[in-house]
Amino acid sequence: MSYQYYLNIACPDQPGLIASITGAVAEAGGNILDLNQHTAVDLNMFFLKALFALPKDVTDEGDRELFELNFRGRFTPLAERLSMTWELASKDKKRRVALLVSKTSHCLYELLIKYRDGELDCEFPVIVSNHPDLSPIAAQFDIPFKVVDPLKGKEACEADVQAILEDYSIDLVVLARYMQILSGEFTARWKERIINIHHGFLPAFKGAKPYHQAWFKGVKLIGATAHFANEDLDQGPIISQDVLRVSDSASIAEFVRLGKDIERKVLLDALSLYLSRSVFVKEGRTFVLR
């Protein structure tokens, strides 16, 4: 089986982009297996995600490193001429994802089960929590479980989290119902590398008990939102959302139960999109190429 690479590109829209990009891949000997592109006319921005296979004569790590070096050398002048922001990433290099949790388990279970079943193309080297409650789940899946003490204060607690993330060489953080507000300094350090699940269809019903707020408003739809965490609480770029129609006869408890199902689905979708290099961020909003 040949090695495969993702090529992600964002640049000002202009004629001939697809021809130039696909031509460059072909000249390097790559075979494009899948390609998605979109032009955001309101921003005059072009986005492209391609998956291509390396030539058949690339058979070992040394060959692959040489191919990558040659490809970067060929592609860089084109990227500079067309003002491209671009990334080349090996498909088989799995990202290391840390899961941050508190006491609620449904999102954690969803990700771990999908991971165990081979449906998530990543590694989960560590689970971090501000409570010990979910440690048996980590043990069940044979993943180290680290507890940080929130009583130490936000700054000290976040320093402990950062140390753990560095110790495990983490690439991405997923807040699987981690009930702590992260500081602006922490989110800036992990810009566009923290995915949060919000138990509400943003931007409505922000803050505490969104299902209660929704129930008392008599809403007919409930939902969940997965987004990148930033310094503004629950205001980061949105990656994935879903909604469910509810009846006026439904209780608050039913809202919560149904909402948990949506949260599981949306967080899994957001992580899958990130891992498949499908998420682009421009001027504070996402563009997702599925």
# chains A, B, ... in the order shown; residues from 1 in each chain; ligands from 1

$ select_by_dssp --residues "region 35-278 of chain A" --states "alpha helix (DSSP H)" --output "JSON, numbers by chain"
{"A": [61, 62, 63, 64, 65, 66, 67, 68, 69, 70, 71, 72, 73, 74, 75, 76, 77, 78, 79, 80, 81, 106, 107, 108, 109, 110, 111, 112, 113, 114, 115, 116, 135, 136, 137, 138, 139, 140, 154, 155, 156, 157, 158, 159, 160, 161, 162, 163, 164, 165, 166, 167, 184, 185, 186, 187, 188, 189, 210, 211, 212, 213, 214, 215, 216, 217, 252, 253, 254, 255, 256, 257, 258, 259, 260, 261, 262, 263, 264, 265, 266, 267, 268, 269, 270, 271, 272, 273, 274, 275]}

$ residues_around --residues "region 80-96 of chain A" --least-positions-apart "5" --cutoff "7 Å" --atoms "only C-alpha atoms" --output "PyMOL selection string"
chain A and resi 4-11+121-125+170-172

$ residues_around --residues "region 16-23 of chain A" --least-positions-apart "6" --cutoff "9 Å" --atoms "only C-alpha atoms" --output "number ranges by chain"
A: 32, 37, 46, 48, 50, 75, 78, 82

$ write_last_selection --atoms "N, CA and C atoms" --output "PDB file, in the first residue's frame"
ATOM      1  N   ILE A  32      -3.659  11.938  -7.090  1.00  0.00           N
ATOM      2  CA  ILE A  32      -4.721  12.474  -6.244  1.00  0.00           C
ATOM      3  C   ILE A  32      -5.853  11.470  -6.114  1.00  0.00           C
ATOM      4  N   GLN A  37     -12.779  21.353  -2.674  1.00  0.00           N
ATOM      5  CA  GLN A  37     -12.394  22.761  -2.714  1.00  0.00           C
ATOM      6  C   GLN A  37     -13.633  23.641  -2.578  1.00  0.00           C
ATOM      7  N   PHE A  46      -9.976  31.037  -1.277  1.00  0.00           N
ATOM      8  CA  PHE A  46     -10.054  29.696  -1.851  1.00  0.00           C
ATOM      9  C   PHE A  46      -9.495  28.698  -0.843  1.00  0.00           C
ATOM     10  N   LEU A  48      -8.734  24.415  -0.228  1.00  0.00           N
ATOM     11  CA  LEU A  48      -8.627  23.113  -0.899  1.00  0.00           C
ATOM     12  C   LEU A  48      -8.022  22.089   0.046  1.00  0.00           C
ATOM     13  N   ALA A  50      -6.716  18.082  -0.406  1.00  0.00           N
ATOM     14  CA  ALA A  50      -6.474  16.963  -1.315  1.00  0.00           C
ATOM     15  C   ALA A  50      -5.786  15.835  -0.563  1.00  0.00           C
ATOM     16  N   PHE A  75       6.978  22.865  -4.468  1.00  0.00           N
ATOM     17  CA  PHE A  75       5.707  23.543  -4.229  1.00  0.00           C
ATOM     18  C   PHE A  75       5.877  24.932  -3.624  1.00  0.00           C
ATOM     19  N   LEU A  78       5.578  28.004  -5.954  1.00  0.00           N
ATOM     20  CA  LEU A  78       4.197  28.198  -6.390  1.00  0.00           C
ATOM     21  C   LEU A  78       3.368  28.818  -5.277  1.00  0.00           C
ATOM     22  N   LEU A  82       1.432  32.548  -5.333  1.00  0.00           N
ATOM     23  CA  LEU A  82      -0.022  32.653  -5.246  1.00  0.00           C
ATOM     24  C   LEU A  82      -0.501  33.004  -3.837  1.00  0.00           C
TER      25      LEU A  82
END

$ closest_residue --among "A:Tyr109, A:Phe280, A:Trp215, A:Phe67" --to "Gln140 (chain A)" --atoms "only C-alpha atoms"
A:Tyr109

$ atom_distance --atom1 "CA of Ala214 (chain A)" --atom2 "CA of Arg264 (chain A)"
19.1 Å

$ closest_residue --among "A:Asn44, A:Ser276, A:Ser105, A:Asn130" --to "Ala176 (chain A)" --atoms "only C-alpha atoms"
A:Ser105

$ closest_residue --among "A:Gln235, A:Leu100, A:Thr59, A:Ser129" --to "Val173 (chain A)" --atoms "only C-alpha atoms"
A:Leu100

$ closest_residue --among "A:Asn36, A:Asn230, A:Thr104, A:Asn196" --to "Phe287 (chain A)" --atoms "only C-alpha atoms"
A:Asn36

$ residues_around --residues "Asp261 (chain A)" --least-positions-apart "5" --cutoff "12 Å" --atoms "only C-alpha atoms" --output "MDAnalysis selection string"
chainID A and resid 106:107 109:110 199 222:224 242:244 254:256 266:268

$ write_last_selection --atoms "C-alpha atoms" --output "mmCIF file, in the first residue's frame"
data_model
loop_
_atom_site.group_PDB
_atom_site.id
_atom_site.type_symbol
_atom_site.label_atom_id
_atom_site.label_comp_id
_atom_site.auth_asym_id
_atom_site.auth_seq_id
_atom_site.Cartn_x
_atom_site.Cartn_y
_atom_site.Cartn_z
ATOM 1 C CA HIS A 106 -21.123 10.204 27.980
ATOM 2 C CA CYS A 107 -18.808 12.138 25.625
ATOM 3 C CA TYR A 109 -17.290 6.946 26.430
ATOM 4 C CA GLU A 110 -18.365 7.854 22.900
ATOM 5 C CA HIS A 199 -24.474 21.572 25.426
ATOM 6 C CA ILE A 222 -32.498 21.634 21.014
ATOM 7 C CA GLY A 223 -28.949 21.111 19.866
ATOM 8 C CA ALA A 224 -25.239 20.974 20.556
ATOM 9 C CA ASP A 242 -26.830 19.386 15.175
ATOM 10 C CA VAL A 243 -30.392 19.853 16.370
ATOM 11 C CA LEU A 244 -33.346 17.723 17.401
ATOM 12 C CA GLU A 254 -35.926 14.296 28.622
ATOM 13 C CA PHE A 255 -34.251 17.413 27.223
ATOM 14 C CA VAL A 256 -31.054 16.466 29.050
ATOM 15 C CA VAL A 266 -21.480 16.411 17.414
ATOM 16 C CA LEU A 267 -18.216 16.066 19.348
ATOM 17 C CA LEU A 268 -17.354 12.876 17.476
#

$ closest_residue --among "A:Ala26, A:Ala208, A:Leu120, A:Leu165" --to "Arg189 (chain A)" --atoms "only C-alpha atoms"
A:Leu165

$ select_by_dssp --residues "region 37-230 of chain A" --states "strand (DSSP E or B)" --output "PDB file with C-alpha atoms, in the first residue's frame"
ATOM      1  CA  GLN A  37     -12.394  22.761  -2.714  1.00  0.00           C
ATOM      2  CA  HIS A  38     -14.505  25.809  -1.918  1.00  0.00           C
ATOM      3  CA  THR A  39     -14.363  29.502  -2.736  1.00  0.00           C
ATOM      4  CA  ALA A  40     -15.761  31.797  -0.035  1.00  0.00           C
ATOM      5  CA  MET A  45     -10.728  33.091  -0.311  1.00  0.00           C
ATOM      6  CA  PHE A  46     -10.054  29.696  -1.851  1.00  0.00           C
ATOM      7  CA  PHE A  47      -9.774  26.539   0.268  1.00  0.00           C
ATOM      8  CA  LEU A  48      -8.627  23.113  -0.899  1.00  0.00           C
ATOM      9  CA  LYS A  49      -8.047  19.744   0.742  1.00  0.00           C
ATOM     10  CA  ALA A  50      -6.474  16.963  -1.315  1.00  0.00           C
ATOM     11  CA  LEU A  51      -5.424  13.440  -0.457  1.00  0.00           C
ATOM     12  CA  PHE A  52      -2.803  11.963  -2.741  1.00  0.00           C
ATOM     13  CA  ALA A  53      -0.766   8.782  -2.920  1.00  0.00           C
ATOM     14  CA  THR A  85      -0.958  29.199   3.293  1.00  0.00           C
ATOM     15  CA  TRP A  86      -0.403  25.473   2.972  1.00  0.00           C
ATOM     16  CA  GLU A  87       0.302  22.309   4.916  1.00  0.00           C
ATOM     17  CA  LEU A  88       1.546  18.887   3.859  1.00  0.00           C
ATOM     18  CA  ALA A  89       0.798  16.098   6.349  1.00  0.00           C
ATOM     19  CA  SER A  90       1.304  12.355   6.268  1.00  0.00           C
ATOM     20  CA  ARG A  95      -2.287  13.004  16.034  1.00  0.00           C
ATOM     21  CA  ARG A  96      -1.949  12.682  19.785  1.00  0.00           C
ATOM     22  CA  VAL A  97      -5.155  13.861  21.441  1.00  0.00           C
ATOM     23  CA  ALA A  98      -5.618  14.591  25.149  1.00  0.00           C
ATOM     24  CA  LEU A  99      -9.136  14.247  26.565  1.00  0.00           C
ATOM     25  CA  LEU A 100     -10.068  16.662  29.365  1.00  0.00           C
ATOM     26  CA  VAL A 101     -13.073  15.662  31.476  1.00  0.00           C
ATOM     27  CA  CYS A 122      -5.634   9.342  16.292  1.00  0.00           C
ATOM     28  CA  GLU A 123      -4.101   8.307  19.592  1.00  0.00           C
ATOM     29  CA  PHE A 124      -5.416   9.043  23.083  1.00  0.00           C
ATOM     30  CA  PRO A 125      -2.245   8.993  25.223  1.00  0.00           C
ATOM     31  CA  VAL A 126      -3.796  10.558  28.339  1.00  0.00           C
ATOM     32  CA  ILE A 127      -7.029  11.640  30.021  1.00  0.00           C
ATOM     33  CA  VAL A 128      -6.855  14.696  32.291  1.00  0.00           C
ATOM     34  CA  SER A 129      -9.505  15.619  34.839  1.00  0.00           C
ATOM     35  CA  PHE A 145      -5.543   9.207  33.970  1.00  0.00           C
ATOM     36  CA  LYS A 146      -4.124  12.389  35.486  1.00  0.00           C
ATOM     37  CA  VAL A 147      -5.933  14.503  38.080  1.00  0.00           C
ATOM     38  CA  LEU A 172      -4.830  18.482  20.154  1.00  0.00           C
ATOM     39  CA  VAL A 173      -6.976  18.951  23.262  1.00  0.00           C
ATOM     40  CA  VAL A 174     -10.611  17.824  23.382  1.00  0.00           C
ATOM     41  CA  LEU A 175     -12.809  19.127  26.179  1.00  0.00           C
ATOM     42  CA  ILE A 194      -8.786  22.911  21.595  1.00  0.00           C
ATOM     43  CA  ILE A 195     -12.179  21.455  20.641  1.00  0.00           C
ATOM     44  CA  ASN A 196     -15.028  22.031  23.071  1.00  0.00           C
ATOM     45  CA  ILE A 197     -18.544  20.587  23.123  1.00  0.00           C
ATOM     46  CA  HIS A 198     -21.202  23.053  24.232  1.00  0.00           C
ATOM     47  CA  LEU A 221     -35.435  22.549  18.793  1.00  0.00           C
ATOM     48  CA  ILE A 222     -32.498  21.634  21.014  1.00  0.00           C
ATOM     49  CA  GLY A 223     -28.949  21.111  19.866  1.00  0.00           C
ATOM     50  CA  ALA A 224     -25.239  20.974  20.556  1.00  0.00           C
ATOM     51  CA  THR A 225     -22.220  22.834  19.197  1.00  0.00           C
ATOM     52  CA  ALA A 226     -18.596  21.778  18.869  1.00  0.00           C
ATOM     53  CA  HIS A 227     -16.200  24.681  18.464  1.00  0.00           C
ATOM     54  CA  PHE A 228     -12.623  25.765  18.951  1.00  0.00           C
TER      55      PHE A 228
END

$ residues_around --residues "Cys157 (chain A)" --least-positions-apart "4" --cutoff "12 Å" --atoms "only C-alpha atoms" --output "JSON, numbers by chain"
{"A": [128, 129, 130, 147, 148, 149, 150, 151, 152, 153, 161, 162, 163, 164, 180, 181, 182, 183, 186]}

$ write_last_selection --atoms "N, CA and C atoms" --output "JSON list (two decimals), in the first residue's frame"
[["chain", "number", "residue", "atom", "x", "y", "z"],
["A", 128, "VAL", "N", -7.13, 13.76, 31.20],
["A", 128, "VAL", "CA", -6.86, 14.70, 32.29],
["A", 128, "VAL", "C", -8.19, 15.14, 32.87],
["A", 129, "SER", "N", -8.25, 15.23, 34.19],
["A", 129, "SER", "CA", -9.50, 15.62, 34.84],
["A", 129, "SER", "C", -9.25, 16.46, 36.08],
["A", 130, "ASN", "N", -10.26, 17.25, 36.43],
["A", 130, "ASN", "CA", -10.20, 17.99, 37.68],
["A", 130, "ASN", "C", -10.95, 17.26, 38.79],
["A", 147, "VAL", "N", -5.02, 13.59, 37.39],
["A", 147, "VAL", "CA", -5.93, 14.50, 38.08],
["A", 147, "VAL", "C", -5.19, 15.79, 38.44],
["A", 148, "VAL", "N", -5.79, 16.93, 38.09],
["A", 148, "VAL", "CA", -5.26, 18.23, 38.50],
["A", 148, "VAL", "C", -6.21, 18.82, 39.53],
["A", 149, "ASP", "N", -5.67, 19.58, 40.45],
["A", 149, "ASP", "CA", -6.45, 20.09, 41.58],
["A", 149, "ASP", "C", -6.92, 21.51, 41.31],
["A", 150, "PRO", "N", -8.22, 21.73, 41.07],
["A", 150, "PRO", "CA", -8.71, 23.08, 40.80],
["A", 150, "PRO", "C", -8.62, 24.01, 42.00],
["A", 151, "LEU", "N", -8.48, 23.44, 43.21],
["A", 151, "LEU", "CA", -8.39, 24.27, 44.41],
["A", 151, "LEU", "C", -7.05, 25.00, 44.49],
["A", 152, "LYS", "N", -6.10, 24.62, 43.66],
["A", 152, "LYS", "CA", -4.82, 25.31, 43.63],
["A", 152, "LYS", "C", -4.93, 26.69, 42.99],
["A", 153, "GLY", "N", -6.06, 26.92, 42.32],
["A", 153, "GLY", "CA", -6.23, 28.17, 41.59],
["A", 153, "GLY", "C", -6.06, 27.94, 40.09],
["A", 161, "VAL", "N", -1.88, 21.23, 33.90],
["A", 161, "VAL", "CA", -2.42, 20.66, 32.66],
["A", 161, "VAL", "C", -1.41, 20.81, 31.52],
["A", 162, "GLN", "N", -0.82, 21.99, 31.42],
["A", 162, "GLN", "CA", 0.16, 22.25, 30.36],
["A", 162, "GLN", "C", 1.35, 21.29, 30.48],
["A", 163, "ALA", "N", 1.80, 21.06, 31.69],
["A", 163, "ALA", "CA", 2.93, 20.15, 31.90],
["A", 163, "ALA", "C", 2.59, 18.74, 31.44],
["A", 164, "ILE", "N", 1.37, 18.32, 31.72],
["A", 164, "ILE", "CA", 0.94, 16.97, 31.30],
["A", 164, "ILE", "C", 0.88, 16.90, 29.78],
["A", 180, "GLN", "N", -14.49, 23.50, 33.33],
["A", 180, "GLN", "CA", -13.65, 24.58, 33.81],
["A", 180, "GLN", "C", -13.50, 25.60, 32.69],
["A", 181, "ILE", "N", -13.53, 26.87, 33.04],
["A", 181, "ILE", "CA", -13.31, 27.92, 32.05],
["A", 181, "ILE", "C", -11.82, 28.14, 31.88],
["A", 182, "LEU", "N", -11.33, 27.98, 30.67],
["A", 182, "LEU", "CA", -9.90, 28.14, 30.40],
["A", 182, "LEU", "C", -9.54, 29.61, 30.24],
["A", 183, "SER", "N", -8.35, 29.96, 30.66],
["A", 183, "SER", "CA", -7.91, 31.35, 30.58],
["A", 183, "SER", "C", -7.57, 31.71, 29.13],
["A", 186, "PHE", "N", -4.13, 30.36, 28.17],
["A", 186, "PHE", "CA", -4.09, 28.94, 27.82],
["A", 186, "PHE", "C", -4.65, 28.70, 26.43]]

$ closest_residue --among "A:Leu66, A:Lys56, A:Ser247, A:Leu43" --to "Arg285 (chain A)" --atoms "only C-alpha atoms"
A:Leu43

$ decode --residues "region 120-249 of chain A" --atoms "C-alpha atoms" --output "PDB file, in the first residue's frame"
ATOM      1  CA  LEU A 120     -10.882   7.610  14.954  1.00  0.00           C
ATOM      2  CA  ASP A 121      -7.548   8.117  13.233  1.00  0.00           C
ATOM      3  CA  CYS A 122      -5.634   9.342  16.292  1.00  0.00           C
ATOM      4  CA  GLU A 123      -4.101   8.307  19.592  1.00  0.00           C
ATOM      5  CA  PHE A 124      -5.416   9.043  23.083  1.00  0.00           C
ATOM      6  CA  PRO A 125      -2.245   8.993  25.223  1.00  0.00           C
ATOM      7  CA  VAL A 126      -3.796  10.558  28.339  1.00  0.00           C
ATOM      8  CA  ILE A 127      -7.029  11.640  30.021  1.00  0.00           C
ATOM      9  CA  VAL A 128      -6.855  14.696  32.291  1.00  0.00           C
ATOM     10  CA  SER A 129      -9.505  15.619  34.839  1.00  0.00           C
ATOM     11  CA  ASN A 130     -10.196  17.990  37.684  1.00  0.00           C
ATOM     12  CA  HIS A 131     -11.984  15.159  39.526  1.00  0.00           C
ATOM     13  CA  PRO A 132     -11.088  11.485  40.094  1.00  0.00           C
ATOM     14  CA  ASP A 133     -14.580  10.168  39.255  1.00  0.00           C
ATOM     15  CA  LEU A 134     -13.899   8.910  35.718  1.00  0.00           C
ATOM     16  CA  SER A 135     -10.622   7.141  36.449  1.00  0.00           C
ATOM     17  CA  PRO A 136     -12.277   3.668  36.195  1.00  0.00           C
ATOM     18  CA  ILE A 137     -13.204   4.444  32.578  1.00  0.00           C
ATOM     19  CA  ALA A 138      -9.599   5.326  31.778  1.00  0.00           C
ATOM     20  CA  ALA A 139      -8.470   2.086  33.411  1.00  0.00           C
ATOM     21  CA  GLN A 140     -11.038   0.154  31.366  1.00  0.00           C
ATOM     22  CA  PHE A 141      -9.452   1.463  28.169  1.00  0.00           C
ATOM     23  CA  ASP A 142      -5.890   1.257  29.550  1.00  0.00           C
ATOM     24  CA  ILE A 143      -5.209   4.992  29.226  1.00  0.00           C
ATOM     25  CA  PRO A 144      -3.276   6.997  31.853  1.00  0.00           C
ATOM     26  CA  PHE A 145      -5.543   9.207  33.970  1.00  0.00           C
ATOM     27  CA  LYS A 146      -4.124  12.389  35.486  1.00  0.00           C
ATOM     28  CA  VAL A 147      -5.933  14.503  38.080  1.00  0.00           C
ATOM     29  CA  VAL A 148      -5.264  18.231  38.498  1.00  0.00           C
ATOM     30  CA  ASP A 149      -6.445  20.088  41.579  1.00  0.00           C
ATOM     31  CA  PRO A 150      -8.713  23.076  40.799  1.00  0.00           C
ATOM     32  CA  LEU A 151      -8.387  24.271  44.411  1.00  0.00           C
ATOM     33  CA  LYS A 152      -4.817  25.309  43.631  1.00  0.00           C
ATOM     34  CA  GLY A 153      -6.229  28.172  41.587  1.00  0.00           C
ATOM     35  CA  LYS A 154      -6.687  28.595  37.834  1.00  0.00           C
ATOM     36  CA  GLU A 155      -3.117  29.588  37.034  1.00  0.00           C
ATOM     37  CA  ALA A 156      -1.517  26.710  38.940  1.00  0.00           C
ATOM     38  CA  CYS A 157      -4.085  24.216  37.678  1.00  0.00           C
ATOM     39  CA  GLU A 158      -3.545  25.229  34.058  1.00  0.00           C
ATOM     40  CA  ALA A 159       0.217  25.021  34.573  1.00  0.00           C
ATOM     41  CA  ASP A 160      -0.257  21.410  35.703  1.00  0.00           C
ATOM     42  CA  VAL A 161      -2.422  20.664  32.658  1.00  0.00           C
ATOM     43  CA  GLN A 162       0.160  22.246  30.361  1.00  0.00           C
ATOM     44  CA  ALA A 163       2.934  20.150  31.900  1.00  0.00           C
ATOM     45  CA  ILE A 164       0.938  16.974  31.297  1.00  0.00           C
ATOM     46  CA  LEU A 165       0.231  17.930  27.697  1.00  0.00           C
ATOM     47  CA  GLU A 166       3.915  18.563  27.116  1.00  0.00           C
ATOM     48  CA  ASP A 167       4.934  15.304  28.820  1.00  0.00           C
ATOM     49  CA  TYR A 168       2.664  13.345  26.448  1.00  0.00           C
ATOM     50  CA  SER A 169       3.575  15.374  23.318  1.00  0.00           C
ATOM     51  CA  ILE A 170      -0.055  16.311  22.713  1.00  0.00           C
ATOM     52  CA  ASP A 171      -1.164  17.806  19.384  1.00  0.00           C
ATOM     53  CA  LEU A 172      -4.830  18.482  20.154  1.00  0.00           C
ATOM     54  CA  VAL A 173      -6.976  18.951  23.262  1.00  0.00           C
ATOM     55  CA  VAL A 174     -10.611  17.824  23.382  1.00  0.00           C
ATOM     56  CA  LEU A 175     -12.809  19.127  26.179  1.00  0.00           C
ATOM     57  CA  ALA A 176     -15.191  16.192  26.584  1.00  0.00           C
ATOM     58  CA  ARG A 177     -17.364  18.055  29.114  1.00  0.00           C
ATOM     59  CA  TYR A 178     -14.467  19.566  31.073  1.00  0.00           C
ATOM     60  CA  MET A 179     -16.312  21.933  33.378  1.00  0.00           C
ATOM     61  CA  GLN A 180     -13.652  24.579  33.808  1.00  0.00           C
ATOM     62  CA  ILE A 181     -13.311  27.925  32.046  1.00  0.00           C
ATOM     63  CA  LEU A 182      -9.901  28.137  30.404  1.00  0.00           C
ATOM     64  CA  SER A 183      -7.907  31.346  30.575  1.00  0.00           C
ATOM     65  CA  GLY A 184      -7.134  33.479  27.558  1.00  0.00           C
ATOM     66  CA  GLU A 185      -3.450  32.684  27.969  1.00  0.00           C
ATOM     67  CA  PHE A 186      -4.085  28.941  27.822  1.00  0.00           C
ATOM     68  CA  THR A 187      -6.416  29.071  24.817  1.00  0.00           C
ATOM     69  CA  ALA A 188      -3.987  31.375  22.978  1.00  0.00           C
ATOM     70  CA  ARG A 189      -1.189  28.856  23.541  1.00  0.00           C
ATOM     71  CA  TRP A 190      -3.408  26.168  22.012  1.00  0.00           C
ATOM     72  CA  LYS A 191      -5.069  28.345  19.376  1.00  0.00           C
ATOM     73  CA  GLU A 192      -7.316  26.273  17.106  1.00  0.00           C
ATOM     74  CA  ARG A 193      -6.100  23.143  18.885  1.00  0.00           C
ATOM     75  CA  ILE A 194      -8.786  22.911  21.595  1.00  0.00           C
ATOM     76  CA  ILE A 195     -12.179  21.455  20.641  1.00  0.00           C
ATOM     77  CA  ASN A 196     -15.028  22.031  23.071  1.00  0.00           C
ATOM     78  CA  ILE A 197     -18.544  20.587  23.123  1.00  0.00           C
ATOM     79  CA  HIS A 198     -21.202  23.053  24.232  1.00  0.00           C
ATOM     80  CA  HIS A 199     -24.474  21.572  25.426  1.00  0.00           C
ATOM     81  CA  GLY A 200     -26.549  24.092  23.515  1.00  0.00           C
ATOM     82  CA  PHE A 201     -27.116  25.328  19.986  1.00  0.00           C
ATOM     83  CA  LEU A 202     -24.927  28.421  19.982  1.00  0.00           C
ATOM     84  CA  PRO A 203     -25.208  31.315  20.140  1.00  0.00           C
ATOM     85  CA  ALA A 204     -28.487  30.930  22.071  1.00  0.00           C
ATOM     86  CA  PHE A 205     -28.712  29.867  25.725  1.00  0.00           C
ATOM     87  CA  LYS A 206     -25.124  30.455  26.713  1.00  0.00           C
ATOM     88  CA  GLY A 207     -23.839  29.833  30.210  1.00  0.00           C
ATOM     89  CA  ALA A 208     -25.230  27.560  32.902  1.00  0.00           C
ATOM     90  CA  LYS A 209     -28.120  25.093  32.459  1.00  0.00           C
ATOM     91  CA  PRO A 210     -28.860  25.738  28.778  1.00  0.00           C
ATOM     92  CA  TYR A 211     -31.422  22.926  28.643  1.00  0.00           C
ATOM     93  CA  HIS A 212     -33.290  24.510  31.532  1.00  0.00           C
ATOM     94  CA  GLN A 213     -33.189  27.874  29.777  1.00  0.00           C
ATOM     95  CA  ALA A 214     -34.440  26.262  26.580  1.00  0.00           C
ATOM     96  CA  TRP A 215     -37.250  24.409  28.351  1.00  0.00           C
ATOM     97  CA  PHE A 216     -38.524  27.532  30.084  1.00  0.00           C
ATOM     98  CA  LYS A 217     -38.494  29.372  26.745  1.00  0.00           C
ATOM     99  CA  GLY A 218     -40.599  26.632  25.174  1.00  0.00           C
ATOM    100  CA  VAL A 219     -38.146  25.929  22.356  1.00  0.00           C
ATOM    101  CA  LYS A 220     -39.032  23.418  19.684  1.00  0.00           C
ATOM    102  CA  LEU A 221     -35.435  22.549  18.793  1.00  0.00           C
ATOM    103  CA  ILE A 222     -32.498  21.634  21.014  1.00  0.00           C
ATOM    104  CA  GLY A 223     -28.949  21.111  19.866  1.00  0.00           C
ATOM    105  CA  ALA A 224     -25.239  20.974  20.556  1.00  0.00           C
ATOM    106  CA  THR A 225     -22.220  22.834  19.197  1.00  0.00           C
ATOM    107  CA  ALA A 226     -18.596  21.778  18.869  1.00  0.00           C
ATOM    108  CA  HIS A 227     -16.200  24.681  18.464  1.00  0.00           C
ATOM    109  CA  PHE A 228     -12.623  25.765  18.951  1.00  0.00           C
ATOM    110  CA  ALA A 229     -12.160  27.221  22.427  1.00  0.00           C
ATOM    111  CA  ASN A 230     -10.763  30.736  22.652  1.00  0.00           C
ATOM    112  CA  GLU A 231     -10.608  33.585  25.150  1.00  0.00           C
ATOM    113  CA  ASP A 232     -14.332  34.356  24.677  1.00  0.00           C
ATOM    114  CA  LEU A 233     -16.478  31.797  26.508  1.00  0.00           C
ATOM    115  CA  ASP A 234     -18.415  29.612  24.045  1.00  0.00           C
ATOM    116  CA  GLN A 235     -17.685  32.022  21.178  1.00  0.00           C
ATOM    117  CA  GLY A 236     -14.919  30.198  19.281  1.00  0.00           C
ATOM    118  CA  PRO A 237     -15.168  29.191  15.604  1.00  0.00           C
ATOM    119  CA  ILE A 238     -17.878  26.540  15.143  1.00  0.00           C
ATOM    120  CA  ILE A 239     -16.889  23.160  13.698  1.00  0.00           C
ATOM    121  CA  SER A 240     -20.051  21.071  13.924  1.00  0.00           C
ATOM    122  CA  GLN A 241     -23.662  21.438  15.088  1.00  0.00           C
ATOM    123  CA  ASP A 242     -26.830  19.386  15.175  1.00  0.00           C
ATOM    124  CA  VAL A 243     -30.392  19.853  16.370  1.00  0.00           C
ATOM    125  CA  LEU A 244     -33.346  17.723  17.401  1.00  0.00           C
ATOM    126  CA  ARG A 245     -37.026  18.661  17.340  1.00  0.00           C
ATOM    127  CA  VAL A 246     -38.688  18.274  20.748  1.00  0.00           C
ATOM    128  CA  SER A 247     -42.280  18.189  21.885  1.00  0.00           C
ATOM    129  CA  ASP A 248     -43.867  20.539  24.400  1.00  0.00           C
ATOM    130  CA  SER A 249     -44.739  17.413  26.381  1.00  0.00           C
TER     131      SER A 249
END
